[in-house]
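These notes are about the structure you will find just below.
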Amino acid sequence: MHQRIRMSAKLGALLTLTLLAGSVALAVPTSSTTVTVATTPTLRINEVMAANTRLSNTGTFPDMIELFNGGATAIDLSGMSLTDDPAVARKFVFPSGTTIAAAGYLVVYADPASSAPGLHTGFSLDAEGDQVRLYNTTAAGGALVDSIAFGYLPADYSISRTGARADTWALTNPSFGAANPAAGLPFGSSLASLKINEWAARITFRLDHDMIELYNPLSQPIALGGVQLTDDITRPSRFKFASLSYIGPGAYLALFGADFAFGLGDTDPIFLLGENNEPIDSVTLNSQPKDFSSGRNPDGSSTITNFGVPTPGMSNPTPLPANHDALLKNLRITEVMYQPAAATSPGDYEFVELQNIGPSPLDLSGVRFTNGIDYPFPAGTTLAGGAFIVVAKDRTAFLSRYPSAAGVLAPGAFTGALDNNGETLALTLPAPWYVHILRFRYESNWFAGASGGGYSLVVPAPATTAAADWKDAATWRQSVAINGSPGAADTGAPVSAGVTARLSNLSVRTALGAGQNLIVGFFVDGGSRSVLVRAAGPALTALGVGGAMGDPRLELFNSSGVSVLTNDDWNASLAPVFQSVGAFAFPAGSFDAAFTQGVSGAVSVHARGTGAGIVLVEAYDTGTTNSPRMTNLSARNRVGTGDEILIAGFAISGTGSKRLLIRAAGPALTALGVPNVLTDPKLELYNSSAVKVTENDNWTADLAATFSSVGAFAFPANSRDSALIVTLNSGATYTVQVRGTDGGTGEALVEVYEIP
């Protein structure tokens, strides 16, 4: 059922398959396939189905609950109740006049109230595990009459009371409205047939969580009660299937991180064990690409393949439909209005806008929102190349504010609401593909105008932004005008033609050992600019920093590596310059270092001390015009772990926004003669509110042209250096953190370049 697109074929030995010794002879687990109950009440829950695609109720396929009266007289159900939640006993109350005859059956549909015949509970059952509880009337004390709890149930099977005394439950073929079978279905003779069939460990957005899929190749169901999954053989019960859990014949059962509750690391093993810890199957992960899955191809075989699109719940070799591939590549969410202005009730004027960024029409039939809000696009919905479509919370309210958008408004309305405090949205392929086109979370502190000001969130460059980057604040901006622009491009860029945004400050704080250097660099373009450079050590003590360097020293080098200026102790005449650029004051007579110098082109500054300690090195552009200006800032230091990672801050002054290239070089430094480099740097960008804006682990080759355009040195092909492009607002400060992806240490260089 689920298919994956093959972005790469089998990648060597990326994944090692291991069948544990002795697994071929396993018997069924020691637990029974049925569950003995304490009593068999006269009025009882008799049969339950939680995943129905075969029994129609006037065109609907609801979950089903059957009650049975085993007594000799009719029973009045009026005022009795059914629920799936013991905390809410009266979710569904039987209406007055509801009776069940002696030896009679009553079928209740567990679905929302509808015009279809029969009784409808208003709640559905979860096929991944749920319960049904029957309570007496409140007048009779509201006691629990009967209940049944179950685990994973396969589609189109029911669980029923079976046996001569009807005191056990088993998996059966449905028999609603009639006597249950005398015994449950026969099961596969050996758990050894059960396979770990597909797994995904580095999910960022294609699925909700990490994923493990099991496959039953047999023509009979397999009972899973007591079967265990773990990534640590010494902790076998990290996940255990509940009683009355099954996998159907020839079926696939996908478990997600929220189900099995242990995260999968890049090199973790996965063990499938019987109830008594008997080994059944195992696999070992090794460097799985992000948002790929891996699995047996064909299903259940020993051949392992990586798949660019996961296929939970489906056969691994299933081909991805062409339209689905087009949806993944070209359907994007481009505007979100989560806190509209002048809303009289929650949800008024809320909307989500989507765009087809490709040239050809898209068939949206069955595309759905599956997180945050609920909405399926009806069959026959299409979207032309470049066109927009809008899904609204309240059509009447929306059209009263945006009458011109009537032509782009999708049928119906979404249910749920967009949270003013931030929300995770997921746009998902049509069933049975549970794979996300986009999955991201917006935050209320990204843009003040969108949180109470009536502006929307807008993606200004959807055609050139990777789908994985929708989670980053840098992908978005505030709409140009209050109320946004649903159904149209958000024109009149919020940055005017007279943009003056520019890099104006670099700061790096680190702990230096005796004799170590911190190296910062910058490039001034368009002429000579006076730059203030500071090394704060003693001044940090007054700010509450312990272990500050007692006597830092600065040395300025030109592009040829010639020393042109040194400073050991600052001069009080610089105090007005500190104030003019917003730098904190140094104590009078302190041993901190500082100087101002006219700079043109590339320079570097080395900071060191007579001893060890924490030092803060800063470079400030002291000018107020856009030319000349600093167009490149950099810092090089040893990256450690914990508090000793490389942290560099920078500021953007002026008006508008600035497009930047940010890089973290480690492996690329080796070719430049730098020893002991950080072999796998990861960079993270944070705003002044400490909210992560974006991140990158390994750079992509499409950035090479940008490297060249800004004068940055090249990275080796397929290196593990990091780089990203981001557009940031002026009048704000940002922080870049560089660390080793797997806790590694070594020399690294962080760079920030203006992109023309």
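Residues are referred to by chain and number: the chain letter is A, B, ... according to the order shown in the structure tokens, the number counts from 1 in that chain, and ligands are numbered separately from 1 in the order shown.
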>> Give me the residues near A:Leu272 as number ranges by chain, where near means some atom within 7 Å (using only C-alpha atoms) and where sequence neighbours in that chain fewer than 3 positions away do not count.
In response: A: 228-230, 279-282
>> Please identify the strand (DSSP E or B) residues within stretch 57-166 of chain A (assignment by DSSP from backbone atoms) and present them as a count of residues only.
In response: 44
>> Env of A:Gly649: 12 Å cut, atoms = only C-alpha atoms, seq-sep filter 5 positions within chain, self excluded. Answer as a ChimeraX atom specification.
In response: /A:503-510,520,616-620,633-635,662,684-688,690,732-738,750-752
>> I'd like the contact shell of A:Arg638 - 12 Å cut-off, only C-alpha atoms, skipping same-chain residues fewer than 5 positions apart - returned as JSON, numbers by chain.
In response: {"A": [509, 510, 511, 512, 513, 516, 517, 518, 519, 644, 645, 646, 647, 665, 666, 674, 675, 676, 677, 678, 679, 681, 738, 739, 740, 744, 745, 746, 747, 748, 749, 750]}
> What's the 10 Å shell around A:Ala612, counting only C-alpha atoms, without same-chain residues fewer than 3 positions away, as a PyMOL selection string?
Replying inline: chain A and resi 511-516+547-552+608-609+615
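You will find atom CA of A:Ala542 at 12.0 Å from atom CA of A:Ala588.
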>> Residues near stretch 318-325 of chain A, anyone? I mean within 12 Å using only C-alpha atoms, not counting same-chain ones fewer than 3 positions away, as a VMD selection string.
In response: chain A and resid 1 to 7 297 to 299 307 to 315 328 to 331 358 360 to 367 382 428 to 437
>> Just want the 10 Å neighbourhood of stretch 717-726 of chain A, counted on only C-alpha atoms, with same-chain residues fewer than 6 positions away dropped. Output as a PyMOL selection string.
In response: chain A and resi 465+472-475+658-669+678-685+693-701+703-704+706-707+738+741+748-755
Mind dumping the selected residues with C-alpha atoms as a CSV table (one decimal), in the first residue's frame?
chain,number,residue,atom,x,y,z
A,465,THR,CA,12.8,27.3,-0.7
A,472,ASP,CA,12.3,28.0,9.8
A,473,ALA,CA,11.3,31.5,10.7
A,474,ALA,CA,13.7,32.8,8.0
A,475,THR,CA,11.4,31.2,5.4
A,658,LYS,CA,19.4,41.5,4.3
A,659,ARG,CA,20.0,38.3,2.4
A,660,LEU,CA,23.0,36.4,3.9
A,661,LEU,CA,25.1,33.4,3.3
A,662,ILE,CA,26.1,31.7,6.6
A,663,ARG,CA,28.7,28.9,6.6
A,664,ALA,CA,30.4,26.7,9.2
A,665,ALA,CA,33.6,25.3,7.7
A,666,GLY,CA,35.5,22.3,9.2
A,667,PRO,CA,36.6,19.7,6.7
A,668,ALA,CA,37.2,22.5,4.1
A,669,LEU,CA,39.9,24.1,6.3
A,678,LEU,CA,36.0,19.7,13.2
A,679,THR,CA,35.0,16.9,10.9
A,680,ASP,CA,31.2,17.4,10.8
A,681,PRO,CA,30.1,20.9,11.9
A,682,LYS,CA,26.5,21.8,12.3
A,683,LEU,CA,25.3,25.4,12.4
A,684,GLU,CA,22.2,26.8,14.1
A,685,LEU,CA,20.9,30.3,13.7
A,693,VAL,CA,15.5,30.5,12.9
A,694,THR,CA,17.1,27.7,10.9
A,695,GLU,CA,19.9,25.2,10.8
A,696,ASN,CA,22.1,23.2,8.5
A,697,ASP,CA,24.1,20.0,9.0
A,698,ASN,CA,25.7,19.4,5.5
A,699,TRP,CA,25.8,21.9,2.7
A,700,THR,CA,24.3,21.2,-0.8
A,701,ALA,CA,26.0,21.7,-4.1
A,703,LEU,CA,25.1,26.8,-3.0
A,704,ALA,CA,28.4,26.7,-4.9
A,706,THR,CA,26.6,31.8,-4.2
A,707,PHE,CA,30.0,31.0,-2.6
A,738,VAL,CA,28.5,25.8,15.7
A,741,THR,CA,27.1,16.9,14.8
A,748,ALA,CA,36.0,25.5,12.8
A,749,LEU,CA,35.3,28.7,11.0
A,750,VAL,CA,32.0,30.5,11.0
A,751,GLU,CA,31.3,33.1,8.3
A,752,VAL,CA,28.5,35.5,7.5
A,753,TYR,CA,28.4,37.1,4.0
A,754,GLU,CA,26.1,39.7,2.5
A,755,ILE,CA,24.6,38.4,-0.8
